[in-house]
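With mmCIF, N, CA and C atoms inside, this is upload-v9.cif:
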data_entry
loop_
_atom_site.label_atom_id
_atom_site.label_comp_id
_atom_site.auth_asym_id
_atom_site.auth_seq_id
_atom_site.Cartn_x
_atom_site.Cartn_y
_atom_site.Cartn_z
N GLN A 1 134.22 150.80 -32.12
CA GLN A 1 134.22 151.85 -33.13
C GLN A 1 134.76 151.27 -34.43
N VAL A 2 134.00 151.43 -35.51
CA VAL A 2 134.41 150.91 -36.80
C VAL A 2 135.13 152.01 -37.56
N HIS A 3 136.34 151.71 -37.98
CA HIS A 3 137.16 152.72 -38.66
C HIS A 3 137.15 152.57 -40.17
N LEU A 4 137.11 151.32 -40.63
CA LEU A 4 137.22 151.03 -42.06
C LEU A 4 136.21 149.95 -42.40
N VAL A 5 135.47 150.13 -43.48
CA VAL A 5 134.49 149.14 -43.91
C VAL A 5 134.71 148.80 -45.37
N GLU A 6 135.04 147.51 -45.59
CA GLU A 6 135.28 147.04 -46.96
C GLU A 6 134.02 146.41 -47.52
N SER A 7 133.88 146.49 -48.84
CA SER A 7 132.76 145.84 -49.52
C SER A 7 133.12 145.61 -50.98
N GLY A 8 132.30 144.83 -51.66
CA GLY A 8 132.47 144.64 -53.09
C GLY A 8 133.01 143.30 -53.52
N GLY A 9 133.36 142.46 -52.56
CA GLY A 9 133.87 141.15 -52.92
C GLY A 9 132.78 140.25 -53.48
N GLY A 10 133.19 139.06 -53.91
CA GLY A 10 132.23 138.12 -54.45
C GLY A 10 132.91 136.99 -55.16
N LEU A 11 132.09 136.21 -55.85
CA LEU A 11 132.57 135.08 -56.64
C LEU A 11 132.60 135.49 -58.11
N VAL A 12 133.72 135.27 -58.76
CA VAL A 12 133.87 135.66 -60.16
C VAL A 12 134.70 134.61 -60.88
N GLN A 13 134.44 134.44 -62.14
CA GLN A 13 135.24 133.50 -62.94
C GLN A 13 136.58 134.12 -63.30
N ALA A 14 137.54 133.27 -63.54
CA ALA A 14 138.85 133.74 -63.97
C ALA A 14 138.70 134.62 -65.20
N GLY A 15 139.42 135.73 -65.20
CA GLY A 15 139.30 136.69 -66.28
C GLY A 15 138.29 137.78 -66.01
N GLY A 16 137.51 137.61 -64.97
CA GLY A 16 136.47 138.58 -64.63
C GLY A 16 137.01 139.75 -63.83
N SER A 17 136.08 140.61 -63.39
CA SER A 17 136.44 141.83 -62.69
C SER A 17 135.58 142.03 -61.44
N LEU A 18 136.15 142.73 -60.48
CA LEU A 18 135.43 143.17 -59.30
C LEU A 18 135.96 144.54 -58.91
N ASN A 19 135.12 145.31 -58.25
CA ASN A 19 135.54 146.62 -57.75
C ASN A 19 135.27 146.68 -56.26
N LEU A 20 136.33 146.75 -55.47
CA LEU A 20 136.21 146.81 -54.02
C LEU A 20 136.16 148.26 -53.56
N SER A 21 135.46 148.48 -52.45
CA SER A 21 135.37 149.80 -51.85
C SER A 21 135.74 149.73 -50.39
N CYS A 22 136.31 150.80 -49.90
CA CYS A 22 136.64 150.91 -48.48
C CYS A 22 136.29 152.32 -48.03
N VAL A 23 135.35 152.42 -47.11
CA VAL A 23 134.99 153.71 -46.54
C VAL A 23 135.72 153.86 -45.21
N ALA A 24 136.45 154.95 -45.10
CA ALA A 24 137.25 155.20 -43.89
C ALA A 24 136.69 156.39 -43.13
N SER A 25 136.99 156.43 -41.86
CA SER A 25 136.65 157.63 -41.10
C SER A 25 137.52 158.78 -41.59
N ARG A 26 136.99 159.97 -41.52
CA ARG A 26 137.72 161.12 -42.05
C ARG A 26 139.07 161.31 -41.35
N SER A 27 139.12 161.04 -40.08
CA SER A 27 140.37 161.25 -39.34
C SER A 27 141.47 160.34 -39.84
N ILE A 28 141.10 159.17 -40.32
CA ILE A 28 142.09 158.25 -40.86
C ILE A 28 142.45 158.64 -42.29
N PHE A 29 141.42 158.82 -43.10
CA PHE A 29 141.62 159.04 -44.53
C PHE A 29 142.42 160.30 -44.80
N SER A 30 142.20 161.36 -44.06
CA SER A 30 142.83 162.64 -44.36
C SER A 30 144.31 162.68 -44.01
N LYS A 31 144.75 161.75 -43.17
CA LYS A 31 146.13 161.81 -42.69
C LYS A 31 146.99 160.65 -43.14
N SER A 32 146.40 159.64 -43.76
CA SER A 32 147.12 158.38 -43.95
C SER A 32 147.23 157.97 -45.40
N ILE A 33 148.34 157.29 -45.69
CA ILE A 33 148.41 156.52 -46.91
C ILE A 33 147.46 155.33 -46.72
N MET A 34 146.56 155.13 -47.67
CA MET A 34 145.60 154.04 -47.56
C MET A 34 146.03 152.88 -48.44
N GLY A 35 145.84 151.69 -47.94
CA GLY A 35 146.28 150.53 -48.69
C GLY A 35 145.27 149.41 -48.71
N TRP A 36 145.42 148.55 -49.69
CA TRP A 36 144.68 147.29 -49.75
C TRP A 36 145.66 146.16 -49.49
N TYR A 37 145.20 145.20 -48.73
CA TYR A 37 145.97 144.01 -48.40
C TYR A 37 145.08 142.80 -48.69
N ARG A 38 145.70 141.63 -48.73
CA ARG A 38 144.90 140.43 -48.90
C ARG A 38 145.56 139.26 -48.19
N GLN A 39 144.72 138.30 -47.84
CA GLN A 39 145.21 137.09 -47.19
C GLN A 39 144.53 135.89 -47.79
N ALA A 40 145.32 135.07 -48.44
CA ALA A 40 144.81 133.84 -49.05
C ALA A 40 144.84 132.74 -48.00
N PRO A 41 144.05 131.71 -48.17
CA PRO A 41 144.02 130.60 -47.21
C PRO A 41 145.41 130.01 -47.00
N GLY A 42 145.81 129.91 -45.75
CA GLY A 42 147.09 129.31 -45.43
C GLY A 42 148.31 130.17 -45.69
N LYS A 43 148.08 131.43 -46.05
CA LYS A 43 149.21 132.31 -46.37
C LYS A 43 149.19 133.56 -45.48
N GLU A 44 150.33 134.24 -45.46
CA GLU A 44 150.42 135.48 -44.71
C GLU A 44 149.66 136.59 -45.44
N ARG A 45 149.20 137.56 -44.68
CA ARG A 45 148.58 138.72 -45.30
C ARG A 45 149.65 139.51 -46.06
N GLU A 46 149.30 140.02 -47.23
CA GLU A 46 150.27 140.71 -48.06
C GLU A 46 149.72 142.01 -48.59
N PHE A 47 150.64 142.92 -48.84
CA PHE A 47 150.30 144.22 -49.41
C PHE A 47 149.88 144.06 -50.86
N VAL A 48 148.87 144.84 -51.27
CA VAL A 48 148.42 144.79 -52.66
C VAL A 48 148.65 146.14 -53.36
N ALA A 49 148.18 147.22 -52.75
CA ALA A 49 148.29 148.53 -53.41
C ALA A 49 148.11 149.63 -52.38
N GLN A 50 148.60 150.83 -52.71
CA GLN A 50 148.45 151.97 -51.82
C GLN A 50 148.16 153.23 -52.60
N ILE A 51 147.61 154.23 -51.89
CA ILE A 51 147.32 155.53 -52.49
C ILE A 51 147.26 156.57 -51.37
N TYR A 52 147.69 157.78 -51.68
CA TYR A 52 147.57 158.87 -50.72
C TYR A 52 146.95 160.05 -51.43
N ARG A 53 145.68 160.30 -51.17
CA ARG A 53 144.94 161.43 -51.71
C ARG A 53 145.18 161.57 -53.20
N GLY A 54 145.09 160.48 -53.92
CA GLY A 54 145.21 160.49 -55.37
C GLY A 54 146.60 160.28 -55.90
N GLY A 55 147.60 160.30 -55.02
CA GLY A 55 148.98 160.12 -55.48
C GLY A 55 149.68 159.01 -54.72
N MET A 56 151.02 158.97 -54.90
CA MET A 56 151.85 157.97 -54.20
C MET A 56 151.30 156.57 -54.41
N ILE A 57 150.93 156.25 -55.63
CA ILE A 57 150.34 154.95 -55.94
C ILE A 57 151.43 153.91 -56.14
N LYS A 58 151.22 152.78 -55.50
CA LYS A 58 152.14 151.64 -55.65
C LYS A 58 151.34 150.36 -55.70
N TYR A 59 151.88 149.34 -56.36
CA TYR A 59 151.25 148.02 -56.46
C TYR A 59 152.28 146.93 -56.21
N ARG A 60 151.79 145.80 -55.76
CA ARG A 60 152.69 144.63 -55.75
C ARG A 60 152.82 144.19 -57.20
N ASP A 61 153.94 143.56 -57.51
CA ASP A 61 154.25 143.23 -58.89
C ASP A 61 153.18 142.35 -59.54
N SER A 62 152.63 141.42 -58.80
CA SER A 62 151.72 140.44 -59.39
C SER A 62 150.38 141.03 -59.83
N VAL A 63 150.07 142.25 -59.40
CA VAL A 63 148.78 142.85 -59.79
C VAL A 63 148.96 144.04 -60.73
N LYS A 64 150.18 144.42 -60.97
CA LYS A 64 150.42 145.56 -61.87
C LYS A 64 149.81 145.30 -63.24
N GLY A 65 149.13 146.31 -63.76
CA GLY A 65 148.49 146.18 -65.06
C GLY A 65 147.11 145.55 -65.01
N ARG A 66 146.73 144.98 -63.86
CA ARG A 66 145.42 144.37 -63.72
C ARG A 66 144.55 145.09 -62.69
N PHE A 67 145.17 145.58 -61.63
CA PHE A 67 144.45 146.26 -60.55
C PHE A 67 144.71 147.76 -60.63
N THR A 68 143.69 148.54 -60.27
CA THR A 68 143.82 149.99 -60.21
C THR A 68 143.25 150.50 -58.90
N ILE A 69 144.07 151.21 -58.15
CA ILE A 69 143.61 151.80 -56.90
C ILE A 69 143.26 153.26 -57.16
N SER A 70 142.20 153.73 -56.54
CA SER A 70 141.78 155.12 -56.69
C SER A 70 141.08 155.55 -55.41
N SER A 71 140.79 156.82 -55.33
CA SER A 71 140.11 157.30 -54.13
C SER A 71 139.14 158.42 -54.45
N ASP A 72 138.15 158.55 -53.60
CA ASP A 72 137.19 159.66 -53.67
C ASP A 72 137.38 160.44 -52.38
N VAL A 73 138.16 161.48 -52.42
CA VAL A 73 138.55 162.19 -51.21
C VAL A 73 137.35 162.75 -50.45
N PRO A 74 136.40 163.44 -51.09
CA PRO A 74 135.25 163.96 -50.33
C PRO A 74 134.45 162.87 -49.62
N LYS A 75 134.49 161.65 -50.15
CA LYS A 75 133.72 160.56 -49.54
C LYS A 75 134.59 159.63 -48.69
N ASN A 76 135.85 159.99 -48.49
CA ASN A 76 136.76 159.18 -47.67
C ASN A 76 136.76 157.72 -48.09
N THR A 77 136.76 157.48 -49.37
CA THR A 77 136.62 156.13 -49.90
C THR A 77 137.79 155.78 -50.81
N VAL A 78 138.25 154.56 -50.67
CA VAL A 78 139.31 154.02 -51.52
C VAL A 78 138.73 152.84 -52.30
N PHE A 79 139.09 152.76 -53.57
CA PHE A 79 138.58 151.70 -54.43
C PHE A 79 139.74 150.83 -54.93
N LEU A 80 139.40 149.60 -55.26
CA LEU A 80 140.36 148.73 -55.91
C LEU A 80 139.63 148.03 -57.06
N GLN A 81 139.88 148.52 -58.27
CA GLN A 81 139.31 147.89 -59.45
C GLN A 81 140.22 146.74 -59.86
N MET A 82 139.66 145.55 -59.89
CA MET A 82 140.45 144.36 -60.18
C MET A 82 139.96 143.75 -61.49
N ASN A 83 140.82 143.70 -62.47
CA ASN A 83 140.48 143.13 -63.78
C ASN A 83 141.33 141.90 -64.05
N ASN A 84 140.87 141.10 -64.99
CA ASN A 84 141.60 139.90 -65.38
C ASN A 84 142.03 139.07 -64.16
N LEU A 85 141.07 138.82 -63.30
CA LEU A 85 141.35 138.09 -62.06
C LEU A 85 141.76 136.66 -62.37
N ASN A 86 142.68 136.14 -61.56
CA ASN A 86 143.08 134.75 -61.70
C ASN A 86 142.93 134.03 -60.36
N LEU A 87 143.14 132.73 -60.38
CA LEU A 87 142.90 131.91 -59.19
C LEU A 87 143.75 132.37 -58.01
N GLU A 88 144.94 132.87 -58.29
CA GLU A 88 145.85 133.31 -57.22
C GLU A 88 145.37 134.59 -56.53
N ASP A 89 144.36 135.24 -57.08
CA ASP A 89 143.82 136.44 -56.46
C ASP A 89 142.77 136.11 -55.40
N THR A 90 142.40 134.86 -55.28
CA THR A 90 141.43 134.46 -54.27
C THR A 90 141.99 134.73 -52.87
N ALA A 91 141.25 135.52 -52.09
CA ALA A 91 141.72 135.92 -50.77
C ALA A 91 140.64 136.77 -50.11
N VAL A 92 140.85 137.03 -48.82
CA VAL A 92 140.08 138.07 -48.14
C VAL A 92 140.86 139.37 -48.30
N TYR A 93 140.21 140.38 -48.78
CA TYR A 93 140.83 141.67 -49.04
C TYR A 93 140.46 142.66 -47.92
N TYR A 94 141.49 143.35 -47.45
CA TYR A 94 141.32 144.30 -46.36
C TYR A 94 141.87 145.66 -46.78
N CYS A 95 141.31 146.70 -46.22
CA CYS A 95 141.97 147.99 -46.35
C CYS A 95 142.48 148.41 -44.98
N ASN A 96 143.50 149.20 -44.99
CA ASN A 96 144.15 149.66 -43.76
C ASN A 96 145.09 150.79 -44.16
N THR A 97 145.71 151.37 -43.18
CA THR A 97 146.71 152.39 -43.49
C THR A 97 147.99 151.71 -43.94
N VAL A 98 148.91 152.51 -44.44
CA VAL A 98 150.24 152.03 -44.79
C VAL A 98 151.26 152.85 -44.01
N PRO A 99 152.03 152.21 -43.11
CA PRO A 99 151.95 150.82 -42.71
C PRO A 99 150.64 150.53 -41.98
N PRO A 100 150.26 149.27 -41.89
CA PRO A 100 148.96 148.95 -41.31
C PRO A 100 148.94 149.13 -39.80
N SER A 101 147.76 149.49 -39.32
CA SER A 101 147.55 149.60 -37.88
C SER A 101 146.78 148.38 -37.40
N ARG A 102 147.28 147.78 -36.34
CA ARG A 102 146.61 146.59 -35.79
C ARG A 102 145.16 146.89 -35.41
N VAL A 103 144.92 148.11 -34.99
CA VAL A 103 143.58 148.50 -34.54
C VAL A 103 142.58 148.57 -35.68
N PHE A 104 143.05 148.83 -36.88
CA PHE A 104 142.14 149.10 -38.00
C PHE A 104 141.74 147.88 -38.82
N TRP A 105 142.33 146.72 -38.53
CA TRP A 105 141.94 145.54 -39.31
C TRP A 105 140.45 145.26 -39.11
N GLY A 106 139.72 145.16 -40.22
CA GLY A 106 138.30 144.87 -40.16
C GLY A 106 138.02 143.45 -40.60
N GLN A 107 136.77 143.22 -41.03
CA GLN A 107 136.36 141.88 -41.45
C GLN A 107 136.86 141.53 -42.84
N GLY A 108 137.14 142.55 -43.62
CA GLY A 108 137.56 142.30 -44.99
C GLY A 108 136.40 141.91 -45.88
N THR A 109 136.70 141.70 -47.14
CA THR A 109 135.71 141.25 -48.09
C THR A 109 136.30 140.11 -48.92
N GLN A 110 135.54 139.03 -49.02
CA GLN A 110 136.03 137.81 -49.66
C GLN A 110 135.96 137.93 -51.18
N VAL A 111 137.06 137.62 -51.82
CA VAL A 111 137.11 137.52 -53.29
C VAL A 111 137.47 136.10 -53.64
N THR A 112 136.61 135.47 -54.40
CA THR A 112 136.84 134.09 -54.82
C THR A 112 136.81 134.02 -56.34
N VAL A 113 137.90 133.54 -56.90
CA VAL A 113 138.00 133.42 -58.36
C VAL A 113 137.92 131.94 -58.71
N SER A 114 136.99 131.60 -59.58
CA SER A 114 136.81 130.21 -59.97
C SER A 114 137.29 129.99 -61.40
N SER A 115 137.64 128.74 -61.68
CA SER A 115 138.15 128.41 -63.03
C SER A 115 137.03 128.10 -63.98
#
As structure tokens - that is how I would like this structure written.
Amino acid sequence: QVHLVESGGGLVQAGGSLNLSCVASRSIFSKSIMGWYRQAPGKEREFVAQIYRGGMIKYRDSVKGRFTISSDVPKNTVFLQMNNLNLEDTAVYYCNTVPPSRVFWGQGTQVTVSS
């Protein structure tokens, strides 16, 4: 059973933008704080941003002012608009609940920033 499906990743030059999407099952989306996480090669997975039905928004310090998390409640979808991307943003991006559930980790979507 697929609970969360991420999309929108790709290859972009430094300074560019991408918009990630995550479609969740209604049972998850309606009850949970939703978050974006990322894992760079050779590094631990880390929290990026969270949102709960349009509120309770938080970001990790390194993305503040560049990334914007939002949601479309009727469509059970969470977005991550990423602007002014830099090389350190290269990672596989995942959505999950906050705190994350081991069961909900999906394939993620690859974001690669080139110089």
Which residues would end up in the selection if the PyMOL selection byres ((chain A and resi 106) around 6.5) were applied here, given that I need the answer as a PDB file with N, CA and C atoms, in the coordinates of the input?
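The new file selection.pdb reads:
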ATOM      1  N   LEU A   4     137.110 151.320 -40.630  1.00  0.00           N
ATOM      2  CA  LEU A   4     137.220 151.030 -42.060  1.00  0.00           C
ATOM      3  C   LEU A   4     136.210 149.950 -42.400  1.00  0.00           C
ATOM      4  N   TYR A  94     141.490 143.350 -47.450  1.00  0.00           N
ATOM      5  CA  TYR A  94     141.320 144.300 -46.360  1.00  0.00           C
ATOM      6  C   TYR A  94     141.870 145.660 -46.780  1.00  0.00           C
ATOM      7  N   CYS A  95     141.310 146.700 -46.220  1.00  0.00           N
ATOM      8  CA  CYS A  95     141.970 147.990 -46.350  1.00  0.00           C
ATOM      9  C   CYS A  95     142.480 148.410 -44.980  1.00  0.00           C
ATOM     10  N   VAL A 103     144.920 148.110 -34.990  1.00  0.00           N
ATOM     11  CA  VAL A 103     143.580 148.500 -34.540  1.00  0.00           C
ATOM     12  C   VAL A 103     142.580 148.570 -35.680  1.00  0.00           C
ATOM     13  N   PHE A 104     143.050 148.830 -36.880  1.00  0.00           N
ATOM     14  CA  PHE A 104     142.140 149.100 -38.000  1.00  0.00           C
ATOM     15  C   PHE A 104     141.740 147.880 -38.820  1.00  0.00           C
ATOM     16  N   TRP A 105     142.330 146.720 -38.530  1.00  0.00           N
ATOM     17  CA  TRP A 105     141.940 145.540 -39.310  1.00  0.00           C
ATOM     18  C   TRP A 105     140.450 145.260 -39.110  1.00  0.00           C
ATOM     19  N   GLN A 107     136.770 143.220 -41.030  1.00  0.00           N
ATOM     20  CA  GLN A 107     136.360 141.880 -41.450  1.00  0.00           C
ATOM     21  C   GLN A 107     136.860 141.530 -42.840  1.00  0.00           C
ATOM     22  N   GLY A 108     137.140 142.550 -43.620  1.00  0.00           N
ATOM     23  CA  GLY A 108     137.560 142.300 -44.990  1.00  0.00           C
ATOM     24  C   GLY A 108     136.400 141.910 -45.880  1.00  0.00           C
TER      25      GLY A 108
END
If you apply the PyMOL selection byres (((chain A and resi 113 and name CA) around 12) and name CA) to this file, what residues do you get, as a list in words?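 For this structure, the PyMOL selection byres (((chain A and resi 113 and name CA) around 12) and name CA) captures Gly9, Gly10, Leu11, Val12, Gln13, Ala14, Gly15, Gly16, Ser17, Leu18, Ala40, Met82, Asn83, Asn84, Leu85, Asn86, Leu87, Glu88, Asp89, Thr90, Ala91, Val92, Gln110, Val111, Thr112, Ser114 and Ser115 of chain A.
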Atoms kept (N, CA and C atoms) for selection, written as a compact mmCIF listing (two decimals), in the frame of the given file:
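Saved to out_17.txt:
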# COMPACT_ATOMS: atom_id res chain seq x y z
N GLY A 9 133.36 142.46 -52.56
CA GLY A 9 133.87 141.15 -52.92
C GLY A 9 132.78 140.25 -53.48
N GLY A 10 133.19 139.06 -53.91
CA GLY A 10 132.23 138.12 -54.45
C GLY A 10 132.91 136.99 -55.16
N LEU A 11 132.09 136.21 -55.85
CA LEU A 11 132.57 135.08 -56.64
C LEU A 11 132.60 135.49 -58.11
N VAL A 12 133.72 135.27 -58.76
CA VAL A 12 133.87 135.66 -60.16
C VAL A 12 134.70 134.61 -60.88
N GLN A 13 134.44 134.44 -62.14
CA GLN A 13 135.24 133.50 -62.94
C GLN A 13 136.58 134.12 -63.30
N ALA A 14 137.54 133.27 -63.54
CA ALA A 14 138.85 133.74 -63.97
C ALA A 14 138.70 134.62 -65.20
N GLY A 15 139.42 135.73 -65.20
CA GLY A 15 139.30 136.69 -66.28
C GLY A 15 138.29 137.78 -66.01
N GLY A 16 137.51 137.61 -64.97
CA GLY A 16 136.47 138.58 -64.63
C GLY A 16 137.01 139.75 -63.83
N SER A 17 136.08 140.61 -63.39
CA SER A 17 136.44 141.83 -62.69
C SER A 17 135.58 142.03 -61.44
N LEU A 18 136.15 142.73 -60.48
CA LEU A 18 135.43 143.17 -59.30
C LEU A 18 135.96 144.54 -58.91
N ALA A 40 145.32 135.07 -48.44
CA ALA A 40 144.81 133.84 -49.05
C ALA A 40 144.84 132.74 -48.00
N MET A 82 139.66 145.55 -59.89
CA MET A 82 140.45 144.36 -60.18
C MET A 82 139.96 143.75 -61.49
N ASN A 83 140.82 143.70 -62.47
CA ASN A 83 140.48 143.13 -63.78
C ASN A 83 141.33 141.90 -64.05
N ASN A 84 140.87 141.10 -64.99
CA ASN A 84 141.60 139.90 -65.38
C ASN A 84 142.03 139.07 -64.16
N LEU A 85 141.07 138.82 -63.30
CA LEU A 85 141.35 138.09 -62.06
C LEU A 85 141.76 136.66 -62.37
N ASN A 86 142.68 136.14 -61.56
CA ASN A 86 143.08 134.75 -61.70
C ASN A 86 142.93 134.03 -60.36
N LEU A 87 143.14 132.73 -60.38
CA LEU A 87 142.90 131.91 -59.19
C LEU A 87 143.75 132.37 -58.01
N GLU A 88 144.94 132.87 -58.29
CA GLU A 88 145.85 133.31 -57.22
C GLU A 88 145.37 134.59 -56.53
N ASP A 89 144.36 135.24 -57.08
CA ASP A 89 143.82 136.44 -56.46
C ASP A 89 142.77 136.11 -55.40
N THR A 90 142.40 134.86 -55.28
CA THR A 90 141.43 134.46 -54.27
C THR A 90 141.99 134.73 -52.87
N ALA A 91 141.25 135.52 -52.09
CA ALA A 91 141.72 135.92 -50.77
C ALA A 91 140.64 136.77 -50.11
N VAL A 92 140.85 137.03 -48.82
CA VAL A 92 140.08 138.07 -48.14
C VAL A 92 140.86 139.37 -48.30
N GLN A 110 135.54 139.03 -49.02
CA GLN A 110 136.03 137.81 -49.66
C GLN A 110 135.96 137.93 -51.18
N VAL A 111 137.06 137.62 -51.82
CA VAL A 111 137.11 137.52 -53.29
C VAL A 111 137.47 136.10 -53.64
N THR A 112 136.61 135.47 -54.40
CA THR A 112 136.84 134.09 -54.82
C THR A 112 136.81 134.02 -56.34
N SER A 114 136.99 131.60 -59.58
CA SER A 114 136.81 130.21 -59.97
C SER A 114 137.29 129.99 -61.40
N SER A 115 137.64 128.74 -61.68
CA SER A 115 138.15 128.41 -63.03
C SER A 115 137.03 128.10 -63.98
Taking only chain A into account, list the residues labelled alpha helix (DSSP H) by DSSP (computed from the backbone), as an NGL selection string. :A and (26-29)
Quick one: pick out all strand (DSSP E or B) residues within chain A from a backbone DSSP run and write them as number ranges by chain. A: 4-7, 10-13, 18-24, 34-39, 46-52, 55-59, 67-72, 77-82, 91-97, 109-114
If the PyMOL selection byres ((chain A and resi 23) around 5) is run on the structure shown, which residues does it catch, given as a list in words?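 Applied to this file, the PyMOL selection byres ((chain A and resi 23) around 5) returns Leu4, Val5, Ser21, Cys22, Ala24, Ser25, Asn76 and Thr77 of chain A.
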Quick one: write out the picked residues with N, CA and C atoms as a CSV table (one decimal), keeping the file's coordinate frame?
chain,number,residue,atom,x,y,z
A,4,LEU,N,137.1,151.3,-40.6
A,4,LEU,CA,137.2,151.0,-42.1
A,4,LEU,C,136.2,150.0,-42.4
A,5,VAL,N,135.5,150.1,-43.5
A,5,VAL,CA,134.5,149.1,-43.9
A,5,VAL,C,134.7,148.8,-45.4
A,21,SER,N,135.5,148.5,-52.4
A,21,SER,CA,135.4,149.8,-51.8
A,21,SER,C,135.7,149.7,-50.4
A,22,CYS,N,136.3,150.8,-49.9
A,22,CYS,CA,136.6,150.9,-48.5
A,22,CYS,C,136.3,152.3,-48.0
A,24,ALA,N,136.4,155.0,-45.1
A,24,ALA,CA,137.2,155.2,-43.9
A,24,ALA,C,136.7,156.4,-43.1
A,25,SER,N,137.0,156.4,-41.9
A,25,SER,CA,136.6,157.6,-41.1
A,25,SER,C,137.5,158.8,-41.6
A,76,ASN,N,135.8,160.0,-48.5
A,76,ASN,CA,136.8,159.2,-47.7
A,76,ASN,C,136.8,157.7,-48.1
A,77,THR,N,136.8,157.5,-49.4
A,77,THR,CA,136.6,156.1,-49.9
A,77,THR,C,137.8,155.8,-50.8
Separation of CA of Asn19 (chain A) and atom C of Tyr59 (chain A), in Å?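 Taking CA of Asn19 (chain A) as the start and atom C of Tyr59 (chain A) as the end point, the length is 16.8 Å.
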Point-to-point distance from CA of Gln81 (chain A) to CA of Thr68 (chain A), Å rounded to tenths: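 Atom-to-atom, CA of Gln81 (chain A) to CA of Thr68 (chain A), that is 5.0 Å.
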Given only C-alpha atoms as the counted atoms, nearest of A:Leu80, A:Gly65, A:Thr97, A:Asp72 to Met34 (chain A):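 The answer is A:Thr97, which sits nearest to Met34 (chain A).
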Please determine, counting all atoms listed in the file, which residue among A:Val78, A:Arg102, A:Ser27, A:Val48 has the shortest atom-to-atom distance to Lys64 (chain A).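 So, comparing all the options, the nearest one is A:Val48.
Rounded to one decimal, CA of Ala49 (chain A) and CA of Ile69 (chain A) lie 6.7 Å from each other.
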